[in-house]
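With mmCIF, C-alpha atoms inside, this is model_12.cif:
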data_my_file
#
loop_
_atom_site.label_atom_id
_atom_site.label_comp_id
_atom_site.auth_asym_id
_atom_site.auth_seq_id
_atom_site.Cartn_x
_atom_site.Cartn_y
_atom_site.Cartn_z
CA MET A 1 41.93 -8.43 -21.44
CA ASP A 2 43.88 -9.56 -18.38
CA SER A 3 42.74 -6.83 -15.98
CA GLU A 4 39.61 -7.42 -13.94
CA ILE A 5 36.63 -5.09 -14.24
CA ILE A 6 34.25 -6.77 -11.76
CA HIS A 7 35.33 -8.29 -8.45
CA VAL A 8 32.78 -10.11 -6.30
CA ASN A 9 33.59 -11.25 -2.77
CA GLY A 10 31.23 -13.33 -0.59
CA LEU A 11 28.15 -12.07 -2.43
CA SER A 12 24.80 -13.58 -1.41
CA LYS A 13 21.06 -12.90 -1.54
CA GLN A 14 18.31 -14.25 0.69
CA TYR A 15 14.85 -12.83 0.00
CA LYS A 16 12.72 -11.81 2.97
CA GLY A 17 10.49 -14.61 4.22
CA VAL A 18 12.37 -17.29 2.28
CA ASP A 19 14.51 -19.88 4.12
CA ILE A 20 16.95 -20.71 1.34
CA TYR A 21 19.41 -18.39 -0.36
CA ALA A 22 18.67 -17.38 -3.96
CA VAL A 23 22.43 -16.83 -4.30
CA LYS A 24 24.80 -18.44 -1.80
CA PRO A 25 28.04 -16.60 -0.92
CA ILE A 26 30.13 -16.53 -4.10
CA ASN A 27 33.45 -15.10 -5.26
CA LEU A 28 33.79 -14.09 -8.88
CA ILE A 29 36.14 -12.14 -11.15
CA ILE A 30 35.12 -10.89 -14.59
CA LYS A 31 37.85 -9.54 -16.84
CA LYS A 32 37.77 -6.38 -18.91
CA ALA A 33 36.51 -6.87 -22.50
CA GLU A 34 35.30 -10.38 -21.69
CA ILE A 35 32.05 -11.86 -22.99
CA PHE A 36 30.88 -13.58 -19.84
CA GLY A 37 27.93 -15.96 -19.97
CA LEU A 38 25.97 -16.87 -16.86
CA LEU A 39 24.14 -20.14 -17.50
CA GLY A 40 21.79 -22.15 -15.33
CA PRO A 41 18.33 -23.74 -15.00
CA ASN A 42 15.20 -21.79 -14.08
CA GLY A 43 15.42 -20.60 -10.49
CA ALA A 44 19.20 -21.16 -10.31
CA GLY A 45 19.92 -17.56 -9.30
CA LYS A 46 21.01 -16.05 -12.65
CA THR A 47 18.73 -13.02 -12.68
CA THR A 48 19.27 -12.38 -8.96
CA LEU A 49 23.05 -12.38 -9.44
CA ILE A 50 22.88 -10.14 -12.52
CA SER A 51 20.55 -7.75 -10.66
CA MET A 52 23.05 -7.44 -7.81
CA LEU A 53 26.00 -6.97 -10.17
CA CYS A 54 24.35 -4.04 -11.94
CA GLY A 55 23.14 -2.38 -8.74
CA LEU A 56 19.41 -3.09 -9.09
CA LEU A 57 19.24 -5.39 -6.07
CA LYS A 58 20.87 -5.02 -2.67
CA PRO A 59 22.91 -8.05 -1.56
CA THR A 60 22.32 -9.79 1.76
CA SER A 61 26.07 -10.03 2.27
CA GLY A 62 29.35 -9.51 0.46
CA ASN A 63 30.55 -6.75 -1.82
CA ILE A 64 30.99 -5.87 -5.48
CA THR A 65 33.57 -3.56 -7.00
CA ILE A 66 33.42 -2.38 -10.59
CA ASN A 67 36.51 -0.59 -11.90
CA SER A 68 37.58 -0.68 -8.22
CA LEU A 69 34.47 1.35 -7.26
CA SER A 70 31.57 0.22 -5.04
CA PHE A 71 27.87 1.02 -5.46
CA GLN A 72 27.68 2.24 -1.86
CA LYS A 73 29.96 5.21 -2.55
CA ASN A 74 29.90 5.61 -6.34
CA LYS A 75 26.40 4.72 -7.53
CA ARG A 76 26.03 7.62 -9.99
CA THR A 77 29.46 7.06 -11.55
CA LEU A 78 28.81 3.34 -11.97
CA GLN A 79 25.33 3.90 -13.42
CA ASN A 80 26.94 5.98 -16.15
CA ILE A 81 29.33 3.22 -17.22
CA ILE A 82 26.81 0.37 -17.01
CA GLY A 83 24.16 -0.56 -19.57
CA VAL A 84 21.28 -2.88 -18.66
CA VAL A 85 19.05 -4.72 -21.14
CA PRO A 86 16.38 -6.66 -19.19
CA GLN A 87 14.56 -9.74 -20.41
CA GLU A 88 11.23 -7.94 -20.16
CA TYR A 89 10.83 -5.15 -22.71
CA ALA A 90 11.62 -1.83 -21.02
CA LEU A 91 9.70 0.09 -23.67
CA TYR A 92 6.56 2.23 -23.85
CA PRO A 93 4.26 0.45 -26.33
CA THR A 94 2.26 3.54 -27.35
CA LEU A 95 5.40 5.53 -28.20
CA THR A 96 7.35 5.14 -31.42
CA ALA A 97 10.79 3.51 -31.48
CA TYR A 98 12.35 6.96 -31.92
CA GLU A 99 10.35 8.47 -29.04
CA ASN A 100 11.29 5.59 -26.75
CA LEU A 101 14.99 6.04 -27.53
CA MET A 102 14.83 9.82 -27.08
CA TYR A 103 13.37 9.20 -23.63
CA PHE A 104 15.98 6.62 -22.59
CA GLY A 105 18.81 8.70 -24.05
CA ALA A 106 17.67 11.71 -22.00
CA MET A 107 17.74 9.54 -18.87
CA TYR A 108 21.48 9.10 -19.45
CA GLY A 109 21.97 12.83 -19.95
CA LEU A 110 22.20 12.68 -23.74
CA LYS A 111 20.48 15.39 -25.76
CA GLY A 112 20.33 17.43 -28.94
CA LYS A 113 21.97 16.54 -32.23
CA ASP A 114 24.32 14.04 -30.60
CA LEU A 115 21.45 11.96 -29.23
CA LYS A 116 19.48 12.10 -32.49
CA ALA A 117 22.54 11.02 -34.47
CA LYS A 118 23.22 8.10 -32.10
CA ILE A 119 19.60 6.95 -32.31
CA ASN A 120 19.49 7.08 -36.10
CA LYS A 121 22.85 5.32 -36.43
CA SER A 122 21.83 2.54 -34.03
CA LEU A 123 18.42 2.06 -35.65
CA ASP A 124 20.10 1.85 -39.05
CA LYS A 125 22.69 -0.69 -37.84
CA LEU A 126 19.98 -2.92 -36.40
CA GLY A 127 17.70 -2.66 -39.44
CA LEU A 128 15.03 -0.50 -37.81
CA LEU A 129 15.54 2.98 -39.28
CA LYS A 130 12.55 2.74 -41.63
CA PHE A 131 10.33 1.80 -38.67
CA LYS A 132 11.51 4.55 -36.32
CA ASP A 133 8.18 6.44 -36.43
CA LYS A 134 6.05 3.34 -35.88
CA LYS A 135 4.62 2.59 -32.43
CA VAL A 136 6.47 -0.16 -30.58
CA LYS A 137 3.22 -2.05 -29.90
CA THR A 138 3.07 -2.87 -33.64
CA PHE A 139 6.57 -4.44 -33.62
CA SER A 140 7.41 -8.13 -33.71
CA GLY A 141 9.29 -9.71 -30.81
CA GLY A 142 12.58 -9.50 -32.68
CA MET A 143 12.09 -5.81 -33.45
CA LYS A 144 11.26 -5.04 -29.81
CA ARG A 145 14.38 -6.91 -28.68
CA ARG A 146 16.52 -4.77 -30.97
CA VAL A 147 14.98 -1.51 -29.73
CA ASN A 148 15.40 -2.79 -26.16
CA LEU A 149 19.10 -3.36 -26.88
CA ILE A 150 19.60 0.11 -28.36
CA ALA A 151 17.99 1.68 -25.28
CA GLY A 152 20.67 0.07 -23.11
CA ILE A 153 23.69 1.07 -25.21
CA LEU A 154 23.01 4.65 -26.37
CA HIS A 155 25.36 6.03 -23.70
CA LYS A 156 28.17 3.67 -24.81
CA PRO A 157 28.54 1.75 -21.53
CA GLN A 158 31.83 0.11 -20.58
CA ILE A 159 29.89 -2.86 -19.18
CA LEU A 160 26.70 -4.24 -20.69
CA PHE A 161 24.37 -6.56 -18.76
CA LEU A 162 21.88 -8.59 -20.81
CA ASP A 163 19.24 -10.97 -19.50
CA GLU A 164 18.23 -13.43 -22.26
CA PRO A 165 18.81 -10.93 -25.13
CA THR A 166 17.77 -13.34 -27.89
CA VAL A 167 14.85 -15.15 -26.24
CA GLY A 168 11.77 -15.50 -28.44
CA VAL A 169 13.24 -13.90 -31.56
CA ASP A 170 13.53 -15.10 -35.14
CA VAL A 171 16.85 -16.38 -36.48
CA GLN A 172 17.55 -13.20 -38.46
CA SER A 173 17.01 -10.93 -35.44
CA LYS A 174 19.13 -13.21 -33.28
CA ASN A 175 21.96 -13.04 -35.81
CA VAL A 176 21.81 -9.23 -36.02
CA ILE A 177 21.79 -8.89 -32.21
CA ILE A 178 24.74 -11.25 -31.70
CA GLN A 179 26.79 -9.61 -34.47
CA HIS A 180 26.16 -6.16 -32.99
CA LEU A 181 27.16 -7.37 -29.53
CA LYS A 182 30.38 -8.82 -30.96
CA GLU A 183 31.11 -5.46 -32.58
CA LEU A 184 30.57 -3.66 -29.26
CA ASN A 185 32.86 -6.17 -27.55
CA ASN A 186 35.56 -5.63 -30.18
CA GLN A 187 35.37 -1.92 -29.31
CA GLY A 188 36.12 -2.76 -25.67
CA THR A 189 32.71 -3.26 -24.06
CA THR A 190 32.59 -5.98 -21.40
CA ILE A 191 29.45 -8.09 -21.86
CA ILE A 192 27.74 -10.12 -19.14
CA TYR A 193 24.72 -12.06 -20.25
CA THR A 194 22.39 -14.86 -19.22
CA SER A 195 21.02 -17.39 -21.65
CA HIS A 196 19.38 -20.79 -21.99
CA HIS A 197 20.87 -21.17 -25.48
CA MET A 198 23.88 -23.43 -24.92
CA GLU A 199 25.01 -23.43 -28.55
CA GLU A 200 24.84 -19.64 -28.67
CA ALA A 201 26.82 -19.32 -25.43
CA GLN A 202 29.43 -21.82 -26.63
CA GLU A 203 30.15 -19.77 -29.75
CA PHE A 204 29.60 -16.28 -28.32
CA CYS A 205 31.28 -16.31 -24.90
CA SER A 206 34.96 -16.11 -24.01
CA CYS A 207 34.07 -17.32 -20.49
CA VAL A 208 31.01 -18.96 -18.93
CA ALA A 209 29.91 -19.79 -15.41
CA ILE A 210 27.25 -22.43 -14.73
CA ILE A 211 25.12 -21.63 -11.68
CA ASP A 212 22.67 -23.97 -9.94
CA SER A 213 20.85 -23.65 -6.61
CA GLY A 214 22.57 -20.32 -6.05
CA GLU A 215 26.10 -21.72 -6.41
CA ILE A 216 28.61 -21.37 -9.22
CA MET A 217 29.41 -24.94 -10.20
CA ILE A 218 32.13 -24.25 -12.78
CA LYS A 219 33.70 -21.34 -14.64
CA GLY A 220 36.00 -21.13 -17.63
CA ASN A 221 36.42 -20.90 -21.38
CA PRO A 222 33.66 -22.95 -23.08
CA LYS A 223 36.02 -24.93 -25.32
CA GLN A 224 38.29 -25.75 -22.38
CA LEU A 225 35.33 -26.82 -20.22
CA ILE A 226 34.18 -29.19 -22.97
CA LYS A 227 37.69 -30.59 -23.29
CA ASP A 228 37.98 -31.15 -19.53
CA SER A 229 34.54 -32.73 -19.06
CA ASN A 230 34.00 -36.47 -19.43
CA ASN A 231 32.26 -37.51 -22.67
CA ALA A 232 31.37 -33.90 -23.52
CA LYS A 233 31.24 -32.83 -27.15
CA ARG A 234 29.50 -29.51 -26.59
CA LEU A 235 28.72 -27.06 -23.80
CA GLU A 236 25.24 -28.53 -23.35
CA ASP A 237 26.85 -31.83 -22.29
CA VAL A 238 28.93 -30.04 -19.63
CA TYR A 239 25.80 -28.23 -18.47
CA LEU A 240 23.73 -31.41 -18.14
CA ASN A 241 26.57 -33.25 -16.40
CA LEU A 242 26.57 -30.56 -13.71
CA THR A 243 22.88 -29.68 -13.38
CA GLY A 244 21.30 -33.06 -14.20
CA LYS A 245 18.46 -33.93 -16.57
CA ASN A 246 15.53 -33.50 -14.21
CA LEU A 247 12.90 -30.99 -15.28
CA ARG A 248 12.88 -27.63 -13.46
CA ASP A 249 9.21 -26.74 -13.95
CA ARG A 250 7.93 -24.08 -11.54
CA VAL A 251 4.50 -22.55 -10.95
#
Could you take the file, read its structure, and then write that structure out as C-alpha cells?
Amino acid sequence: MDSEIIHVNGLSKQYKGVDIYAVKPINLIIKKAEIFGLLGPNGAGKTTLISMLCGLLKPTSGNITINSLSFQKNKRTLQNIIGVVPQEYALYPTLTAYENLMYFGAMYGLKGKDLKAKINKSLDKLGLLKFKDKKVKTFSGGMKRRVNLIAGILHKPQILFLDEPTVGVDVQSKNVIIQHLKELNNQGTTIIYTSHHMEEAQEFCSCVAIIDSGEIMIKGNPKQLIKDSNNAKRLEDVYLNLTGKNLRDRV
C-alpha cells in the first residue's frame, strides 16, 4: 500500500483556442491498491485529468509515470494494465450484453474458453447473467452501467479508471457496483474514480483530492480531512468550504 503506482509531475492541459488552463501544472502521487477519489464541481478539470492519466489525452506539459513507465515509450504495456470505464456508455446498443463483452474482451487480446468463462462469471456476479442475450438498448441505466464496468475489467487491470461509475443508477445497482469495486480493490486493483456523490466518496475512498479551476485544493484521507477542517462533520462540508456554494451551471 505504501509504494506509489502513479507519479505526476508538473502536469497541465490547455485546450487549443482557450486562454485558461483546464488543468494547471500539478504534482500528484497515487499509491498502489489505493481507492483514490477525484472530486470537484462541473468544469473543475476532473475528466481532463483522468483522461491524461489513462493516456487518452496528451498533456500540454509535465509527465506521468505508471509503474515507473511513461506513455511515450510504453503505451502498449500500459494499455494492458489499465482499465477505463467512461461516464458515457461505451457499448453497442444493438448488440447483446454478451456480444458487447466478447468484442471488448477481444480488443484486450482475450479469446476462446477463457474469455467466455470470464464474461459469464462477471455477468453472474453483477446480476446480469440471465440477460446476457438481450440487446443492450433494452437495458435500464443501472444494467448498462454494470455492463460498462465489466467491459473495462475483463482483462483484470492493475489500475482501474472510472468516471462517475454510479451516476444515474438505482440504489440496488449502485450497491452492487460499489461492492464489486471493493472486491477488486481487495484483490490489489488500484482504483481512481471521479464522483459528485460526496457521501459515497467518503465511505468508499482511502484517499481523495478536491480539484477546482484546474488546481488540486486538498488531498488526503476523507476522515482526516473532515477532522482537520473547521466545522466539518462530513466530506461535503470540506468540499463546500473549499469550492464555495455558488452554482456552477454551464451551457
(request) Compare A:Leu101, A:Ile5, A:Ile20, A:Leu123 by their minimum atom-to-atom distance to Phe36 (chain A), counting only C-alpha atoms, and give me the closest one. (result)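 The closest residue to Phe36 (chain A) is A:Ile5.
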Residues matched by the PyMOL selection byres ((chain A and resi 89) around 12), written as a tab-separated table (two decimals) with C-alpha atoms, in the frame of the given file:
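Contents of result_0.tsv, as written:
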chain	number	residue	atom	x	y	z
A	84	VAL	CA	21.28	-2.88	-18.66
A	85	VAL	CA	19.05	-4.72	-21.14
A	86	PRO	CA	16.38	-6.66	-19.19
A	87	GLN	CA	14.56	-9.74	-20.41
A	88	GLU	CA	11.23	-7.94	-20.16
A	90	ALA	CA	11.62	-1.83	-21.02
A	91	LEU	CA	9.70	0.09	-23.67
A	92	TYR	CA	6.56	2.23	-23.85
A	93	PRO	CA	4.26	0.45	-26.33
A	100	ASN	CA	11.29	5.59	-26.75
A	136	VAL	CA	6.47	-0.16	-30.58
A	137	LYS	CA	3.22	-2.05	-29.90
A	139	PHE	CA	6.57	-4.44	-33.62
A	140	SER	CA	7.41	-8.13	-33.71
A	141	GLY	CA	9.29	-9.71	-30.81
A	142	GLY	CA	12.58	-9.50	-32.68
A	143	MET	CA	12.09	-5.81	-33.45
A	144	LYS	CA	11.26	-5.04	-29.81
A	145	ARG	CA	14.38	-6.91	-28.68
A	146	ARG	CA	16.52	-4.77	-30.97
A	147	VAL	CA	14.98	-1.51	-29.73
A	148	ASN	CA	15.40	-2.79	-26.16
A	149	LEU	CA	19.10	-3.36	-26.88
A	150	ILE	CA	19.60	0.11	-28.36
A	151	ALA	CA	17.99	1.68	-25.28
A	152	GLY	CA	20.67	0.07	-23.11
A	162	LEU	CA	21.88	-8.59	-20.81
A	163	ASP	CA	19.24	-10.97	-19.50
A	164	GLU	CA	18.23	-13.43	-22.26
A	165	PRO	CA	18.81	-10.93	-25.13
A	166	THR	CA	17.77	-13.34	-27.89
A	167	VAL	CA	14.85	-15.15	-26.24
A	168	GLY	CA	11.77	-15.50	-28.44
(message) Quick check on the file I pasted: which residues fall under the PyMOL selection byres ((chain A and resi 192) around 9)? Write them as number ranges by chain.
(response) A: 30, 34-38, 50, 159-163, 190-191, 193-194
(message) Given the point (28.4, 2.8, -16.2) in the file's coordinates, find the residues that have an atom at most 10 Å from it, counting all atoms listed in the file, and give them as a PyMOL selection string.
(response) chain A and resi 54+66-67+75-84+108+155-160
Might you spell out which residues the PyMOL selection byres ((chain A and resi 115) around 12) would select in the displayed file, as a compact mmCIF listing (two decimals) with C-alpha atoms, in the coordinates of the input?
# COMPACT_ATOMS: atom_id res chain seq x y z
CA TYR A 98 12.35 6.96 -31.92
CA GLU A 99 10.35 8.47 -29.04
CA LEU A 101 14.99 6.04 -27.53
CA MET A 102 14.83 9.82 -27.08
CA TYR A 103 13.37 9.20 -23.63
CA PHE A 104 15.98 6.62 -22.59
CA GLY A 105 18.81 8.70 -24.05
CA ALA A 106 17.67 11.71 -22.00
CA MET A 107 17.74 9.54 -18.87
CA TYR A 108 21.48 9.10 -19.45
CA GLY A 109 21.97 12.83 -19.95
CA LEU A 110 22.20 12.68 -23.74
CA LYS A 111 20.48 15.39 -25.76
CA GLY A 112 20.33 17.43 -28.94
CA LYS A 113 21.97 16.54 -32.23
CA ASP A 114 24.32 14.04 -30.60
CA LYS A 116 19.48 12.10 -32.49
CA ALA A 117 22.54 11.02 -34.47
CA LYS A 118 23.22 8.10 -32.10
CA ILE A 119 19.60 6.95 -32.31
CA ASN A 120 19.49 7.08 -36.10
CA LYS A 121 22.85 5.32 -36.43
CA SER A 122 21.83 2.54 -34.03
CA ALA A 151 17.99 1.68 -25.28
CA ILE A 153 23.69 1.07 -25.21
CA LEU A 154 23.01 4.65 -26.37
CA HIS A 155 25.36 6.03 -23.70
CA LYS A 156 28.17 3.67 -24.81
(message) Using Å and a single decimal, report how far CA of Glu200 (chain A) sits from CA of Val169 (chain A).
(response)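 One can read the CA of Val169 (chain A) to CA of Glu200 (chain A) distance as 13.3 Å.
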(request) Kindly give the distance, in Å, that separates CA of Ile226 (chain A) and CA of Leu39 (chain A), rounded to a single decimal. (result)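 According to the coordinates, CA of Ile226 (chain A) and CA of Leu39 (chain A) are separated by 14.6 Å.
Closest approach to Leu129 (chain A) from the set A:Thr96, A:Gly188, A:Ile177, A:Asn230 is made by A:Thr96, with distances taken over all atoms listed in the file.
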(request) May I ask for the distance between CA of Ser206 (chain A) and CA of Ala22 (chain A), given in Å to one decimal place? (result)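 Value for the CA of Ser206 (chain A)-CA of Ala22 (chain A) distance: 25.9 Å.
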(request) Could you check which of A:Asp124, A:Pro59, A:Thr138, A:Ile218 is closest to Thr94 (chain A), using all atoms listed in the file? (result) A:Thr138
Could I get region 148-170 of chain A rebuilt with N, CA and C atoms, written as a PDB file, in the frame of the given file?
ATOM      1  N   ASN A 148      15.037  -2.611 -27.574  1.00  0.00           N
ATOM      2  CA  ASN A 148      15.400  -2.790 -26.160  1.00  0.00           C
ATOM      3  C   ASN A 148      16.921  -2.731 -25.990  1.00  0.00           C
ATOM      4  N   LEU A 149      17.635  -3.364 -26.922  1.00  0.00           N
ATOM      5  CA  LEU A 149      19.100  -3.360 -26.880  1.00  0.00           C
ATOM      6  C   LEU A 149      19.641  -1.954 -27.086  1.00  0.00           C
ATOM      7  N   ILE A 150      19.120  -1.251 -28.081  1.00  0.00           N
ATOM      8  CA  ILE A 150      19.600   0.110 -28.360  1.00  0.00           C
ATOM      9  C   ILE A 150      19.416   1.006 -27.146  1.00  0.00           C
ATOM     10  N   ALA A 151      18.277   0.855 -26.462  1.00  0.00           N
ATOM     11  CA  ALA A 151      17.990   1.680 -25.280  1.00  0.00           C
ATOM     12  C   ALA A 151      19.062   1.525 -24.206  1.00  0.00           C
ATOM     13  N   GLY A 152      19.669   0.340 -24.135  1.00  0.00           N
ATOM     14  CA  GLY A 152      20.670   0.070 -23.110  1.00  0.00           C
ATOM     15  C   GLY A 152      22.093   0.445 -23.487  1.00  0.00           C
ATOM     16  N   ILE A 153      22.306   0.808 -24.770  1.00  0.00           N
ATOM     17  CA  ILE A 153      23.690   1.070 -25.210  1.00  0.00           C
ATOM     18  C   ILE A 153      23.895   2.469 -25.793  1.00  0.00           C
ATOM     19  N   LEU A 154      22.877   3.311 -25.789  1.00  0.00           N
ATOM     20  CA  LEU A 154      23.010   4.650 -26.370  1.00  0.00           C
ATOM     21  C   LEU A 154      24.128   5.465 -25.721  1.00  0.00           C
ATOM     22  N   HIS A 155      24.342   5.259 -24.420  1.00  0.00           N
ATOM     23  CA  HIS A 155      25.360   6.030 -23.700  1.00  0.00           C
ATOM     24  C   HIS A 155      26.742   5.378 -23.738  1.00  0.00           C
ATOM     25  N   LYS A 156      26.899   4.374 -24.609  1.00  0.00           N
ATOM     26  CA  LYS A 156      28.170   3.670 -24.810  1.00  0.00           C
ATOM     27  C   LYS A 156      28.760   3.172 -23.486  1.00  0.00           C
ATOM     28  N   PRO A 157      28.067   2.249 -22.827  1.00  0.00           N
ATOM     29  CA  PRO A 157      28.540   1.750 -21.530  1.00  0.00           C
ATOM     30  C   PRO A 157      29.824   0.931 -21.662  1.00  0.00           C
ATOM     31  N   GLN A 158      30.636   0.957 -20.612  1.00  0.00           N
ATOM     32  CA  GLN A 158      31.830   0.110 -20.580  1.00  0.00           C
ATOM     33  C   GLN A 158      31.459  -1.340 -20.296  1.00  0.00           C
ATOM     34  N   ILE A 159      30.356  -1.521 -19.552  1.00  0.00           N
ATOM     35  CA  ILE A 159      29.890  -2.860 -19.180  1.00  0.00           C
ATOM     36  C   ILE A 159      28.422  -2.973 -19.561  1.00  0.00           C
ATOM     37  N   LEU A 160      28.075  -4.043 -20.253  1.00  0.00           N
ATOM     38  CA  LEU A 160      26.700  -4.240 -20.690  1.00  0.00           C
ATOM     39  C   LEU A 160      26.146  -5.538 -20.105  1.00  0.00           C
ATOM     40  N   PHE A 161      25.053  -5.410 -19.340  1.00  0.00           N
ATOM     41  CA  PHE A 161      24.370  -6.560 -18.760  1.00  0.00           C
ATOM     42  C   PHE A 161      23.140  -6.891 -19.597  1.00  0.00           C
ATOM     43  N   LEU A 162      23.015  -8.157 -19.992  1.00  0.00           N
ATOM     44  CA  LEU A 162      21.880  -8.590 -20.810  1.00  0.00           C
ATOM     45  C   LEU A 162      21.268  -9.847 -20.210  1.00  0.00           C
ATOM     46  N   ASP A 163      19.951  -9.805 -20.021  1.00  0.00           N
ATOM     47  CA  ASP A 163      19.240 -10.970 -19.500  1.00  0.00           C
ATOM     48  C   ASP A 163      18.431 -11.586 -20.636  1.00  0.00           C
ATOM     49  N   GLU A 164      18.896 -12.720 -21.155  1.00  0.00           N
ATOM     50  CA  GLU A 164      18.230 -13.430 -22.260  1.00  0.00           C
ATOM     51  C   GLU A 164      17.974 -12.503 -23.459  1.00  0.00           C
ATOM     52  N   PRO A 165      19.012 -11.921 -24.059  1.00  0.00           N
ATOM     53  CA  PRO A 165      18.810 -10.930 -25.130  1.00  0.00           C
ATOM     54  C   PRO A 165      18.251 -11.463 -26.425  1.00  0.00           C
ATOM     55  N   THR A 166      18.276 -12.796 -26.627  1.00  0.00           N
ATOM     56  CA  THR A 166      17.770 -13.340 -27.890  1.00  0.00           C
ATOM     57  C   THR A 166      16.580 -14.276 -27.693  1.00  0.00           C
ATOM     58  N   VAL A 167      15.972 -14.246 -26.494  1.00  0.00           N
ATOM     59  CA  VAL A 167      14.850 -15.150 -26.240  1.00  0.00           C
ATOM     60  C   VAL A 167      13.643 -14.744 -27.081  1.00  0.00           C
ATOM     61  N   GLY A 168      13.013 -15.729 -27.708  1.00  0.00           N
ATOM     62  CA  GLY A 168      11.770 -15.500 -28.440  1.00  0.00           C
ATOM     63  C   GLY A 168      11.898 -14.692 -29.711  1.00  0.00           C
ATOM     64  N   VAL A 169      13.092 -14.672 -30.323  1.00  0.00           N
ATOM     65  CA  VAL A 169      13.240 -13.900 -31.560  1.00  0.00           C
ATOM     66  C   VAL A 169      13.519 -14.833 -32.736  1.00  0.00           C
ATOM     67  N   ASP A 170      13.274 -14.319 -33.935  1.00  0.00           N
ATOM     68  CA  ASP A 170      13.530 -15.100 -35.140  1.00  0.00           C
ATOM     69  C   ASP A 170      15.042 -15.188 -35.379  1.00  0.00           C
TER      70      ASP A 170
END
